[in-house]
Each structure stands twice: as structure tokens, then as C-alpha cells.
$ cat run_7.cif   # mmCIF, C-alpha atoms
data_model
loop_
_atom_site.group_PDB
_atom_site.id
_atom_site.type_symbol
_atom_site.label_atom_id
_atom_site.label_comp_id
_atom_site.auth_asym_id
_atom_site.auth_seq_id
_atom_site.Cartn_x
_atom_site.Cartn_y
_atom_site.Cartn_z
ATOM 1 C CA MET A 1 0.665 -33.211 15.969
ATOM 2 C CA ASN A 2 -2.921 -34.079 15.213
ATOM 3 C CA GLN A 3 -2.097 -37.792 15.372
ATOM 4 C CA GLY A 4 -0.598 -37.363 18.817
ATOM 5 C CA LYS A 5 -3.674 -35.546 20.049
ATOM 6 C CA ALA A 6 -5.949 -38.188 18.582
ATOM 7 C CA SER A 7 -4.017 -40.981 20.265
ATOM 8 C CA GLU A 8 -4.275 -39.150 23.603
ATOM 9 C CA ASN A 9 -8.038 -38.748 23.223
ATOM 10 C CA PRO A 10 -9.660 -41.417 25.471
ATOM 11 C CA GLU A 11 -12.638 -41.884 23.149
ATOM 12 C CA SER A 12 -10.437 -42.354 20.063
ATOM 13 C CA ARG A 13 -8.109 -44.698 21.925
ATOM 14 C CA PHE A 14 -10.954 -46.956 23.018
ATOM 15 C CA SER A 15 -12.501 -46.961 19.536
ATOM 16 C CA ALA A 16 -9.172 -47.958 17.974
ATOM 17 C CA VAL A 17 -8.747 -50.862 20.378
ATOM 18 C CA LEU A 18 -12.352 -52.010 19.889
ATOM 19 C CA VAL A 19 -12.040 -52.011 16.092
ATOM 20 C CA GLY A 20 -8.666 -53.765 16.274
ATOM 21 C CA SER A 21 -10.027 -56.397 18.642
ATOM 22 C CA ALA A 22 -13.021 -57.078 16.384
ATOM 23 C CA LYS A 23 -10.628 -57.920 13.542
ATOM 24 C CA LEU A 24 -8.742 -60.576 15.492
ATOM 25 C CA PRO A 25 -9.207 -64.160 14.256
ATOM 26 C CA GLY A 26 -11.670 -66.093 16.382
ATOM 27 C CA VAL A 27 -13.345 -63.079 17.951
ATOM 28 C CA ARG A 28 -16.526 -62.937 15.903
ATOM 29 C CA ILE A 29 -19.229 -65.407 16.914
ATOM 30 C CA HIS A 30 -21.443 -67.062 14.290
ATOM 31 C CA ARG A 31 -24.925 -66.450 15.682
ATOM 32 C CA GLU A 32 -26.708 -69.490 14.198
ATOM 33 C CA ALA A 33 -23.993 -72.004 15.117
ATOM 34 C CA TYR A 34 -23.681 -70.565 18.613
ATOM 35 C CA LEU A 35 -27.420 -70.592 19.397
ATOM 36 C CA ARG A 36 -27.745 -74.161 18.158
ATOM 37 C CA ARG A 37 -24.870 -75.250 20.399
ATOM 38 C CA ALA A 38 -25.874 -73.221 23.450
ATOM 39 C CA LEU A 39 -29.544 -74.225 23.443
ATOM 40 C CA ALA A 40 -29.139 -77.901 22.478
ATOM 41 C CA ARG A 41 -29.084 -79.072 26.112
ATOM 42 C CA TYR A 42 -32.197 -77.185 27.122
ATOM 43 C CA CYS A 43 -34.569 -76.771 24.158
ATOM 44 C CA SER A 44 -36.429 -78.780 21.556
ATOM 45 C CA GLU A 45 -35.375 -78.713 17.907
ATOM 46 C CA ASP A 46 -38.437 -76.619 17.023
ATOM 47 C CA GLU A 47 -37.561 -74.033 19.671
ATOM 48 C CA ILE A 48 -33.966 -73.885 18.473
ATOM 49 C CA ARG A 49 -35.020 -73.413 14.848
ATOM 50 C CA LYS A 50 -37.370 -70.582 15.793
ATOM 51 C CA ALA A 51 -34.744 -68.979 18.032
ATOM 52 C CA ILE A 52 -32.351 -68.922 15.081
ATOM 53 C CA ALA A 53 -34.905 -67.767 12.508
ATOM 54 C CA GLU A 54 -36.276 -65.094 14.846
ATOM 55 C CA THR A 55 -35.059 -64.745 18.435
ATOM 56 C CA PRO A 56 -34.987 -66.895 21.601
ATOM 57 C CA ALA A 57 -37.694 -64.606 23.024
ATOM 58 C CA ALA A 58 -39.909 -65.153 19.967
ATOM 59 C CA ALA A 59 -39.390 -68.887 20.419
ATOM 60 C CA GLY A 60 -40.884 -68.558 23.897
ATOM 61 C CA ILE A 61 -37.718 -69.728 25.664
ATOM 62 C CA SER A 62 -37.835 -68.796 29.339
ATOM 63 C CA ILE A 63 -35.340 -66.486 31.017
ATOM 64 C CA ASP A 64 -34.349 -69.331 33.365
ATOM 65 C CA VAL A 65 -33.254 -71.461 30.413
ATOM 66 C CA LEU A 66 -31.421 -68.556 28.788
ATOM 67 C CA ASP A 67 -29.661 -67.785 32.081
ATOM 68 C CA ARG A 68 -28.427 -71.371 32.311
ATOM 69 C CA ALA A 69 -27.094 -71.250 28.759
ATOM 70 C CA ALA A 70 -25.495 -67.871 29.484
ATOM 71 C CA ASN A 71 -23.770 -69.240 32.598
ATOM 72 C CA ASP A 72 -22.425 -72.119 30.517
ATOM 73 C CA SER A 73 -20.918 -69.647 28.047
ATOM 74 C CA ILE A 74 -19.440 -67.453 30.766
ATOM 75 C CA ARG A 75 -17.789 -70.479 32.361
ATOM 76 C CA TYR A 76 -16.431 -71.617 29.002
ATOM 77 C CA GLU A 77 -15.044 -68.212 28.025
ATOM 78 C CA THR A 78 -13.561 -67.596 31.474
ATOM 79 C CA THR A 79 -11.826 -70.982 31.395
ATOM 80 C CA LYS A 80 -10.627 -70.370 27.860
ATOM 81 C CA VAL A 81 -9.182 -66.907 28.453
ATOM 82 C CA SER A 82 -7.463 -68.133 31.611
ATOM 83 C CA ALA A 83 -5.939 -71.171 29.887
ATOM 84 C CA LEU A 84 -4.845 -69.289 26.807
ATOM 85 C CA SER A 85 -3.275 -66.570 28.940
ATOM 86 C CA ALA A 86 -3.793 -63.553 26.691
ATOM 87 C CA ALA A 87 -1.016 -63.512 24.075
ATOM 88 C CA ALA A 88 -1.471 -67.177 23.181
ATOM 89 C CA GLY A 89 -5.259 -66.735 23.103
ATOM 90 C CA LEU A 90 -6.022 -65.380 19.676
ATOM 91 C CA PRO A 91 -3.519 -65.625 16.801
ATOM 92 C CA GLY A 92 -2.800 -62.782 14.459
ATOM 93 C CA PHE A 93 -2.460 -59.875 16.895
ATOM 94 C CA MET A 94 1.063 -59.102 15.650
ATOM 95 C CA ALA A 95 -0.548 -57.877 12.418
ATOM 96 C CA LEU A 96 -2.395 -55.108 14.249
ATOM 97 C CA PRO A 97 -1.247 -51.500 13.775
ATOM 98 C CA ALA A 98 1.319 -50.276 16.296
ATOM 99 C CA THR A 99 -1.262 -47.812 17.618
ATOM 100 C CA VAL A 100 -3.333 -50.710 19.012
ATOM 101 C CA PRO A 101 -1.564 -52.363 21.966
ATOM 102 C CA ALA A 102 -1.550 -56.115 21.445
ATOM 103 C CA ASP A 103 -2.272 -57.032 25.056
ATOM 104 C CA MET A 104 -5.221 -54.646 25.220
ATOM 105 C CA ALA A 105 -6.640 -55.974 21.947
ATOM 106 C CA GLN A 106 -6.329 -59.536 23.251
ATOM 107 C CA TYR A 107 -8.178 -58.750 26.461
ATOM 108 C CA PHE A 108 -10.925 -56.859 24.642
ATOM 109 C CA GLY A 109 -11.158 -59.627 22.052
ATOM 110 C CA HIS A 110 -12.204 -62.077 24.748
ATOM 111 C CA MET A 111 -14.674 -59.530 26.110
ATOM 112 C CA LEU A 112 -16.149 -59.179 22.620
ATOM 113 C CA ARG A 113 -16.690 -62.924 22.395
ATOM 114 C CA ILE A 114 -18.790 -63.119 25.553
ATOM 115 C CA ALA A 115 -20.640 -59.898 24.719
ATOM 116 C CA GLN A 116 -21.803 -61.399 21.408
ATOM 117 C CA LYS A 117 -22.824 -64.697 22.987
ATOM 118 C CA LEU A 118 -24.892 -63.001 25.684
ATOM 119 C CA ALA A 119 -26.449 -60.637 23.156
ATOM 120 C CA TYR A 120 -27.588 -63.505 20.922
ATOM 121 C CA LEU A 121 -29.047 -65.476 23.818
ATOM 122 C CA TYR A 122 -31.023 -62.456 25.009
ATOM 123 C CA SER A 123 -32.482 -61.774 21.551
ATOM 124 C CA TRP A 124 -30.228 -59.108 20.069
ATOM 125 C CA PRO A 125 -29.670 -59.339 16.285
ATOM 126 C CA ASP A 126 -26.500 -60.425 14.490
ATOM 127 C CA LEU A 127 -23.905 -57.764 15.301
ATOM 128 C CA PHE A 128 -21.443 -58.341 12.476
ATOM 129 C CA SER A 129 -21.912 -58.443 8.740
ATOM 130 C CA ASP A 130 -20.584 -61.485 6.908
ATOM 131 C CA ASP A 131 -18.859 -59.183 4.428
ATOM 132 C CA GLY A 132 -15.335 -58.036 5.221
ATOM 133 C CA ASP A 133 -13.697 -56.930 8.444
ATOM 134 C CA ASP A 134 -15.368 -53.534 8.759
ATOM 135 C CA VAL A 135 -17.492 -52.746 11.805
ATOM 136 C CA ASP A 136 -20.418 -50.436 11.036
ATOM 137 C CA ASP A 137 -21.189 -47.434 13.217
ATOM 138 C CA ALA A 138 -24.328 -48.896 14.802
ATOM 139 C CA THR A 139 -22.473 -52.057 15.825
ATOM 140 C CA MET A 140 -19.633 -49.933 17.204
ATOM 141 C CA GLY A 141 -22.184 -47.981 19.191
ATOM 142 C CA VAL A 142 -23.952 -50.945 20.753
ATOM 143 C CA LEU A 143 -20.676 -52.751 21.518
ATOM 144 C CA THR A 144 -19.416 -49.591 23.208
ATOM 145 C CA LEU A 145 -22.537 -49.580 25.367
ATOM 146 C CA PHE A 146 -22.103 -53.291 26.182
ATOM 147 C CA PHE A 147 -18.539 -52.613 27.279
ATOM 148 C CA GLY A 148 -19.791 -49.662 29.304
ATOM 149 C CA VAL A 149 -22.166 -51.984 31.167
ATOM 150 C CA MET A 150 -19.276 -54.384 31.790
ATOM 151 C CA PHE A 151 -17.172 -51.520 33.152
ATOM 152 C CA GLY A 152 -20.006 -50.353 35.409
ATOM 153 C CA ALA A 153 -21.008 -47.132 33.602
ATOM 154 C CA GLN A 154 -24.554 -46.266 34.695
ATOM 155 C CA SER A 155 -25.237 -44.209 31.564
ATOM 156 C CA ALA A 156 -24.488 -47.326 29.483
ATOM 157 C CA ASN A 157 -27.040 -49.326 31.496
ATOM 158 C CA ALA A 158 -29.751 -46.785 30.716
ATOM 159 C CA ALA A 159 -28.791 -46.533 27.036
ATOM 160 C CA VAL A 160 -28.788 -50.311 26.491
ATOM 161 C CA GLY A 161 -32.224 -50.447 28.088
ATOM 162 C CA LYS A 162 -33.485 -47.738 25.713
ATOM 163 C CA VAL A 163 -32.118 -49.473 22.630
ATOM 164 C CA ALA A 164 -33.616 -52.803 23.741
ATOM 165 C CA GLY A 165 -36.959 -51.095 24.362
ATOM 166 C CA MET A 166 -36.954 -49.534 20.883
ATOM 167 C CA MET A 167 -36.251 -52.872 19.235
ATOM 168 C CA ALA A 168 -38.809 -54.774 21.322
ATOM 169 C CA GLU A 169 -41.512 -52.210 20.564
ATOM 170 C CA GLN A 170 -40.864 -52.266 16.822
ATOM 171 C CA VAL A 171 -40.128 -56.026 16.686
ATOM 172 C CA ALA A 172 -36.936 -54.984 14.870
ATOM 173 C CA LYS A 173 -34.385 -57.479 13.572
ATOM 174 C CA LYS A 174 -31.660 -54.861 13.123
ATOM 175 C CA LEU A 175 -30.000 -52.328 15.376
ATOM 176 C CA PRO A 176 -31.589 -48.849 15.337
ATOM 177 C CA GLN A 177 -28.967 -47.180 13.128
ATOM 178 C CA LYS A 178 -30.153 -43.608 13.504
ATOM 179 C CA ALA A 179 -30.508 -43.663 17.284
ATOM 180 C CA LEU A 180 -27.016 -45.155 17.714
ATOM 181 C CA THR A 181 -25.197 -42.986 15.174
ATOM 182 C CA GLN A 182 -26.869 -39.578 15.301
ATOM 183 C CA GLY A 183 -29.955 -39.765 17.496
ATOM 184 C CA VAL A 184 -30.651 -39.701 21.224
ATOM 185 C CA ILE A 185 -28.306 -42.588 22.073
ATOM 186 C CA TYR A 186 -25.280 -41.281 20.167
ATOM 187 C CA PRO A 187 -24.125 -38.696 22.775
ATOM 188 C CA ILE A 188 -24.228 -41.434 25.420
ATOM 189 C CA VAL A 189 -22.133 -43.727 23.202
ATOM 190 C CA LYS A 190 -19.467 -41.016 22.922
ATOM 191 C CA LYS A 191 -19.548 -40.379 26.664
ATOM 192 C CA VAL A 192 -19.202 -44.086 27.459
ATOM 193 C CA ALA A 193 -16.333 -44.490 24.961
ATOM 194 C CA ALA A 194 -14.483 -41.625 26.643
ATOM 195 C CA TYR A 195 -15.142 -43.146 30.087
ATOM 196 C CA ILE A 196 -13.727 -46.528 29.080
ATOM 197 C CA GLY A 197 -10.775 -44.814 27.401
ATOM 198 C CA VAL A 198 -9.955 -43.116 30.698
ATOM 199 C CA GLN A 199 -10.190 -46.445 32.527
ATOM 200 C CA MET A 200 -7.767 -47.915 30.008
ATOM 201 C CA THR A 201 -5.187 -45.251 30.807
ATOM 202 C CA LYS A 202 -5.312 -45.711 34.556
ATOM 203 C CA GLN A 203 -2.283 -47.392 36.038
ATOM 204 C CA THR A 204 -4.284 -50.092 37.840
ATOM 205 C CA PHE A 205 -6.077 -51.184 34.678
ATOM 206 C CA ALA A 206 -2.870 -51.093 32.625
ATOM 207 C CA LYS A 207 -1.201 -53.339 35.186
ATOM 208 C CA SER A 208 -4.147 -55.726 35.177
ATOM 209 C CA VAL A 209 -4.041 -56.093 31.414
ATOM 210 C CA SER A 210 -0.256 -56.497 31.332
ATOM 211 C CA LYS A 211 -0.480 -59.307 33.870
ATOM 212 C CA ALA A 212 -2.458 -61.349 31.342
ATOM 213 C CA ILE A 213 0.792 -61.935 29.398
ATOM 214 C CA PRO A 214 2.092 -65.507 29.839
ATOM 215 C CA VAL A 215 5.483 -64.609 31.360
ATOM 216 C CA VAL A 216 3.929 -64.173 34.781
ATOM 217 C CA GLY A 217 2.583 -67.721 34.781
ATOM 218 C CA ALA A 218 -0.758 -69.441 34.525
ATOM 219 C CA ALA A 219 -1.663 -69.114 38.206
ATOM 220 C CA VAL A 220 -1.468 -65.313 38.279
ATOM 221 C CA SER A 221 -3.185 -65.022 34.911
ATOM 222 C CA GLY A 222 -6.048 -67.305 35.956
ATOM 223 C CA THR A 223 -6.577 -65.440 39.210
ATOM 224 C CA LEU A 224 -6.571 -62.103 37.387
ATOM 225 C CA THR A 225 -9.117 -63.271 34.843
ATOM 226 C CA PHE A 226 -11.456 -64.589 37.496
ATOM 227 C CA ALA A 227 -11.198 -61.277 39.349
ATOM 228 C CA THR A 228 -11.955 -59.108 36.308
ATOM 229 C CA TYR A 229 -13.345 -60.909 33.263
ATOM 230 C CA ARG A 230 -15.965 -63.093 34.945
ATOM 231 C CA PRO A 231 -17.609 -60.308 37.022
ATOM 232 C CA MET A 232 -17.753 -58.091 33.930
ATOM 233 C CA ALA A 233 -19.490 -60.839 31.953
ATOM 234 C CA LYS A 234 -21.923 -61.479 34.824
ATOM 235 C CA ARG A 235 -22.759 -57.766 34.939
ATOM 236 C CA LEU A 236 -23.634 -57.694 31.248
ATOM 237 C CA LYS A 237 -25.597 -60.937 31.525
ATOM 238 C CA LYS A 238 -27.779 -59.558 34.317
ATOM 239 C CA HIS A 239 -28.494 -56.351 32.433
ATOM 240 C CA LEU A 240 -29.368 -58.032 29.135
ATOM 241 C CA SER A 241 -31.548 -60.651 30.818
ATOM 242 C CA ASP A 242 -33.588 -57.896 32.492
ATOM 243 C CA SER A 243 -34.244 -55.989 29.261
ATOM 244 C CA GLU A 244 -37.523 -55.915 27.333
ATOM 245 C CA LEU A 245 -35.895 -57.638 24.384
ATOM 246 C CA ALA A 246 -35.221 -60.819 26.369
ATOM 247 C CA LYS A 247 -38.756 -61.370 27.624
ATOM 248 C CA PRO A 248 -40.512 -64.319 25.955
ATOM 249 C CA THR A 249 -43.266 -63.114 23.628
ATOM 250 C CA PRO A 250 -46.779 -64.611 23.903
ATOM 251 C CA ARG A 251 -47.514 -67.490 21.561
ATOM 252 C CA VAL A 252 -50.258 -66.848 18.987
ATOM 253 C CA VAL A 253 -52.591 -69.529 17.615
ATOM 254 C CA VAL A 254 -54.455 -68.976 14.338
ATOM 255 C CA VAL A 255 -57.883 -70.661 14.085
ATOM 256 C CA ASP A 256 -60.169 -70.114 11.073
ATOM 257 C CA ALA A 257 -58.243 -66.982 10.088
ATOM 258 C CA GLU A 258 -58.810 -65.467 13.521
ATOM 259 C CA VAL A 259 -55.893 -64.671 15.809
ATOM 260 C CA VAL A 260 -56.394 -65.917 19.339
ATOM 261 C CA HIS A 261 -53.874 -64.638 21.907
ATOM 262 C CA GLU A 262 -53.004 -66.245 25.209
ATOM 263 C CA SER A 263 -55.536 -65.997 28.049
ATOM 264 C CA PRO A 264 -58.646 -64.794 26.176
ATOM 265 C CA VAL A 265 -60.512 -64.732 29.506
ATOM 266 C CA ALA A 266 -63.081 -62.010 28.838
ATOM 267 C CA GLU A 267 -64.289 -63.486 25.544
ATOM 268 C CA GLN A 268 -64.815 -66.981 26.926
ATOM 269 C CA ALA A 269 -67.648 -65.836 29.209
ATOM 270 C CA GLU A 270 -69.572 -64.101 26.400
ATOM 271 C CA SER A 271 -68.964 -66.505 23.491
ATOM 272 C CA PRO A 272 -68.889 -70.173 24.524
ATOM 273 C CA VAL A 273 -67.873 -72.583 21.778
ATOM 274 C CA SER A 274 -70.983 -74.538 20.867
ATOM 275 C CA ASP A 275 -69.257 -77.608 19.436
ATOM 276 C CA GLY A 276 -67.023 -78.121 22.466
ATOM 277 C CA THR A 277 -63.807 -77.177 20.628
ATOM 278 C CA ALA A 278 -61.283 -75.424 22.833
ATOM 279 C CA VAL A 279 -58.198 -73.463 21.883
ATOM 280 C CA ALA A 280 -55.373 -74.012 24.362
ATOM 281 C CA ALA A 281 -52.761 -71.277 24.701
ATOM 282 C CA GLU A 282 -49.245 -72.561 24.867
ATOM 283 C CA GLY A 283 -47.042 -70.816 27.384
ATOM 284 C CA PRO A 284 -43.279 -70.502 27.199
ATOM 285 C CA ARG A 285 -41.438 -73.753 27.739
ATOM 286 C CA SER A 286 -39.390 -73.869 30.893
ATOM 287 C CA SER A 287 -36.962 -76.510 31.866
#
$ encode --input "run_7.cif" --output "C-alpha cells"
Amino acid sequence: MNQGKASENPESRFSAVLVGSAKLPGVRIHREAYLRRALARYCSEDEIRKAIAETPAAAGISIDVLDRAANDSIRYETTKVSALSAAAGLPGFMALPATVPADMAQYFGHMLRIAQKLAYLYSWPDLFSDDGDDVDDATMGVLTLFFGVMFGAQSANAAVGKVAGMMAEQVAKKLPQKALTQGVIYPIVKKVAAYIGVQMTKQTFAKSVSKAIPVVGAAVSGTLTFATYRPMAKRLKKHLSDSELAKPTPRVVVVDAEVVHESPVAEQAESPVSDGTAVAAEGPRSS
């Protein structure tokens, strides 16, 4: 009886599908390899190394460059999910528990791929541990919010902005565990999970997902994907690119143990350099 009630709970249903999708082969994106590939066309080797070691924002990479790389990834993933036509897309879904619909897990698996890619470009930390298949609670929380943004949930937009602001302020390299699992963001995560779970049960969404199965043909599947997957990815891209976390951070130059930030305008008038040496601030590279 309890199992039946749990399966009917929209929040639990979404969580089960999200966890199942994250365990599919090929879903998890290796952050370092992806950033190196995605930025190779637009950035220098030094910028790429710093983006990997820290973040693209810390490397001073402009939003315009990140947007171009993001558009490349969206095009690639949209083409891939259309060509693979759901069931043929990611192997291993037959091993999922019967409580996780295979077609739903497939569709969400492709959404997870683009969510990770966009997150890494716009300076979010590595979302998955290298150890095992488990997904920790903080990662579940932030992925739920990402999906909420993709589904158009306004509360998810606000929550993602808050989490990004926390991390940018603290220069954090990990997700804020407490905020996502028991703090101010947690109630929003639960609300968003329930919202998406309801969307999953609606007849129109169920039909859309079922149409991604190959028996209906490549033409219908490709049209469906373009009408749903691509706009969702674009929505998440826009929101992440506008967040505090994505903004390039000012370069800092150290001279004689003193830290000189960009645009030291006020100090130049009072303390001219007697020997003619000038310190040039390096702005973010744009291309």
C-alpha cells in the first residue's frame, strides 16, 4: 500500500526517474574532458587550463565565448538525441527497475547531459563524484532545480540564482550542501520536484515522451525533439549565463608582494611611479 502511494507521489516519481537516468551509461559528463573540447576552438591553452583547474569565469573567459560554446553543445546534443531516437540512444536502460519507465529515463538522460555541459561552461562545479553510481542529495537538489528551469518553473529560476550567488560570494568549488538539503533552498527543491512530477503525469507530456520511441520513425522523433528538447536547453543556457557565477572575475596582478586590481584609477593620481614602470591590467579575453 505504501509503495503504491509512493509511486503516485509526483515528487517521488520524478526523483526515481532522475536517479535512474543518472545511472544510464553515457549520461555523466567528464568535466575536464568536456571543457577542453568545448573551449578548444575559442580559447588559448592557458585559459583552458585555468578554466579546468578553477572555472571558466576565473579564467576570464567572456560570456560571448561561453555562449558560443554552449550553442555548439546544444546543437550537438539536439542532433544526437534526434538521431538516436530515444530507445537506441543510451544502452543499458533495460536494467533499470520496473518502477522507472525506460522511455522517460532515456529522455531525462539526454536532458541531464546538456544540463551538465551548460553547468560546467557557466562555472558550476563537478556535479558527480567519480566513486560509484550514487547521486548525493546536493547534486539531486541542484539537478532538480536545473530541470525546473528547463520546464519553466519560476521558483526554480529564483532558487538557481540564489545558489549561484552563494557560490560566487564564497568563491566555493562545491555545491552548498546545507542550503540544498536542509536550508532555505530545500523547500523549493521539493516544490519543483513535485511540479515536474505532475508535468510527467499529464497526458500531453506522456504522449510527447512516448513519441520518442523509434517505431514512429525518425522524422516524427526529430520534429518532437526540436520542439521540446532544444527550447528547454536554451532556457537553461540563458538562465545560467545570466547568473553571478558565470561572470568573468577580474584578473589580479601581483607586483612586489602587493596586489594590484584592475583599474586602480584613484591611486594613479596620488602615487605616480617614479621609474616609469606601469602595471597593465589584463581584461577578459573575448573572441
$ resolve_selection --input "run_7.cif" --expression "the PyMOL selection byres ((chain A and resi 171) around 12)" --output "list in words"
Glu54, Thr55, Ala57, Ala58, Ser123, Trp124, Pro125, Val163, Ala164, Gly165, Met166, Met167, Ala168, Glu169, Gln170, Ala172, Lys173, Lys174, Leu175, Pro176, Glu244, Leu245, Ala246 and Thr249 of chain A
$ closest_residue --input "run_7.cif" --among "A:Ser155, A:Ser12, A:Thr139, A:Ser21" --to "Leu180 of chain A" --atoms "all atoms listed in the file"
A:Thr139
$ closest_residue --input "run_7.cif" --among "A:Tyr42, A:Gln106, A:Arg113, A:Pro25" --to "Asp67 of chain A" --atoms "all atoms listed in the file"
A:Tyr42
$ atom_distance --input "run_7.cif" --atom1 "atom CA of Val184 of chain A" --atom2 "atom CA of Gly20 of chain A"
26.6 Å
$ atom_distance --input "run_7.cif" --atom1 "atom CA of Ala138 of chain A" --atom2 "atom CA of Ala179 of chain A"
8.5 Å
$ atom_distance --input "run_7.cif" --atom1 "atom CA of Pro56 of chain A" --atom2 "atom CA of Asp72 of chain A"
16.3 Å
$ closest_residue --input "run_7.cif" --among "A:Arg28, A:Glu47, A:Ala156, A:Asn9" --to "Met111 of chain A" --atoms "only C-alpha atoms"
A:Arg28
$ axis_aligned_box --input "run_7.cif" --around "segment 233-239 of chain A" --padding-each-side "6 Å" --output "JSON"
{"center_x": -24.0, "center_y": -58.9, "center_z": 33.1, "size_x": 21.0, "size_y": 17.1, "size_z": 15.7}
$ closest_residue --input "run_7.cif" --among "A:Val142, A:Val192, A:Leu66, A:Ala233" --to "Ala51 of chain A" --atoms "only C-alpha atoms"
A:Leu66
$ residues_around --input "run_7.cif" --residues "Asp137 of chain A" --least-positions-apart "4" --cutoff "8 Å" --atoms "all atoms listed in the file" --output "list of chain:residue names"
A:Gly141, A:Gln177, A:Leu180, A:Thr181
$ residues_around --input "run_7.cif" --residues "Ser241 of chain A" --least-positions-apart "5" --cutoff "12 Å" --atoms "all atoms listed in the file" --output "VMD selection string"
chain A and resid 56 to 57 62 to 71 118 to 124 160 to 161 164 234 to 236 246 to 248
$ closest_residue --input "run_7.cif" --among "A:Phe128, A:Tyr229, A:Phe146, A:Phe14" --to "Gln199 of chain A" --atoms "all atoms listed in the file"
A:Phe14
$ residues_around --input "run_7.cif" --residues "Phe108 of chain A" --least-positions-apart "4" --cutoff "8 Å" --atoms "only C-alpha atoms" --output "short mmCIF file (atom, residue, chain, number, x, y, z; two decimals) with C-alpha atoms, in the frame of the given file"
data_model
loop_
_atom_site.label_atom_id
_atom_site.label_comp_id
_atom_site.auth_asym_id
_atom_site.auth_seq_id
_atom_site.Cartn_x
_atom_site.Cartn_y
_atom_site.Cartn_z
CA VAL A 17 -8.75 -50.86 20.38
CA LEU A 18 -12.35 -52.01 19.89
CA SER A 21 -10.03 -56.40 18.64
CA MET A 104 -5.22 -54.65 25.22
CA LEU A 112 -16.15 -59.18 22.62
#
$ resolve_selection --input "run_7.cif" --expression "the PyMOL selection byres ((chain A and resi 190) around 10)" --output "list in words"
Glu11, Ser12, Ser15, Gly141, Thr144, Leu145, Thr181, Ile185, Tyr186, Pro187, Ile188, Val189, Lys191, Val192, Ala193, Ala194 and Tyr195 of chain A
$ decode --input "run_7.cif" --residues "segment 178-190 of chain A" --atoms "N, CA, C and O atoms" --output "short mmCIF file (atom, residue, chain, number, x, y, z; two decimals), in the first residue's frame"
data_model
loop_
_atom_site.label_atom_id
_atom_site.label_comp_id
_atom_site.auth_asym_id
_atom_site.auth_seq_id
_atom_site.Cartn_x
_atom_site.Cartn_y
_atom_site.Cartn_z
N LYS A 178 24.31 22.27 2.70
CA LYS A 178 23.27 22.55 3.70
C LYS A 178 22.07 23.27 3.10
O LYS A 178 20.92 22.93 3.37
N ALA A 179 22.34 24.29 2.29
CA ALA A 179 21.25 25.06 1.69
C ALA A 179 20.36 24.20 0.80
O ALA A 179 19.15 24.37 0.76
N LEU A 180 20.99 23.23 0.09
CA LEU A 180 20.24 22.40 -0.86
C LEU A 180 19.53 21.22 -0.19
O LEU A 180 18.58 20.67 -0.74
N THR A 181 20.00 20.81 0.98
CA THR A 181 19.45 19.60 1.60
C THR A 181 18.63 19.85 2.86
O THR A 181 17.82 19.00 3.23
N GLN A 182 18.81 21.00 3.49
CA GLN A 182 18.02 21.27 4.69
C GLN A 182 17.82 22.76 4.95
O GLN A 182 17.10 23.13 5.87
N GLY A 183 18.44 23.59 4.15
CA GLY A 183 18.36 25.03 4.37
C GLY A 183 17.27 25.70 3.56
O GLY A 183 16.26 25.09 3.19
N VAL A 184 17.50 26.97 3.21
CA VAL A 184 16.46 27.80 2.59
C VAL A 184 16.06 27.33 1.20
O VAL A 184 14.94 27.58 0.74
N ILE A 185 16.96 26.63 0.50
CA ILE A 185 16.66 26.20 -0.87
C ILE A 185 15.88 24.88 -0.88
O ILE A 185 15.13 24.60 -1.83
N TYR A 186 16.03 24.08 0.17
CA TYR A 186 15.45 22.74 0.17
C TYR A 186 13.94 22.71 -0.07
O TYR A 186 13.46 21.88 -0.87
N PRO A 187 13.15 23.56 0.60
CA PRO A 187 11.69 23.54 0.32
C PRO A 187 11.36 23.82 -1.14
O PRO A 187 10.39 23.28 -1.68
N ILE A 188 12.18 24.67 -1.77
CA ILE A 188 11.94 24.98 -3.19
C ILE A 188 12.26 23.76 -4.05
O ILE A 188 11.55 23.47 -5.02
N VAL A 189 13.33 23.04 -3.69
CA VAL A 189 13.68 21.81 -4.42
C VAL A 189 12.52 20.83 -4.39
O VAL A 189 12.14 20.25 -5.42
N LYS A 190 11.93 20.64 -3.23
CA LYS A 190 10.80 19.71 -3.08
C LYS A 190 9.59 20.18 -3.90
O LYS A 190 8.92 19.38 -4.56
#
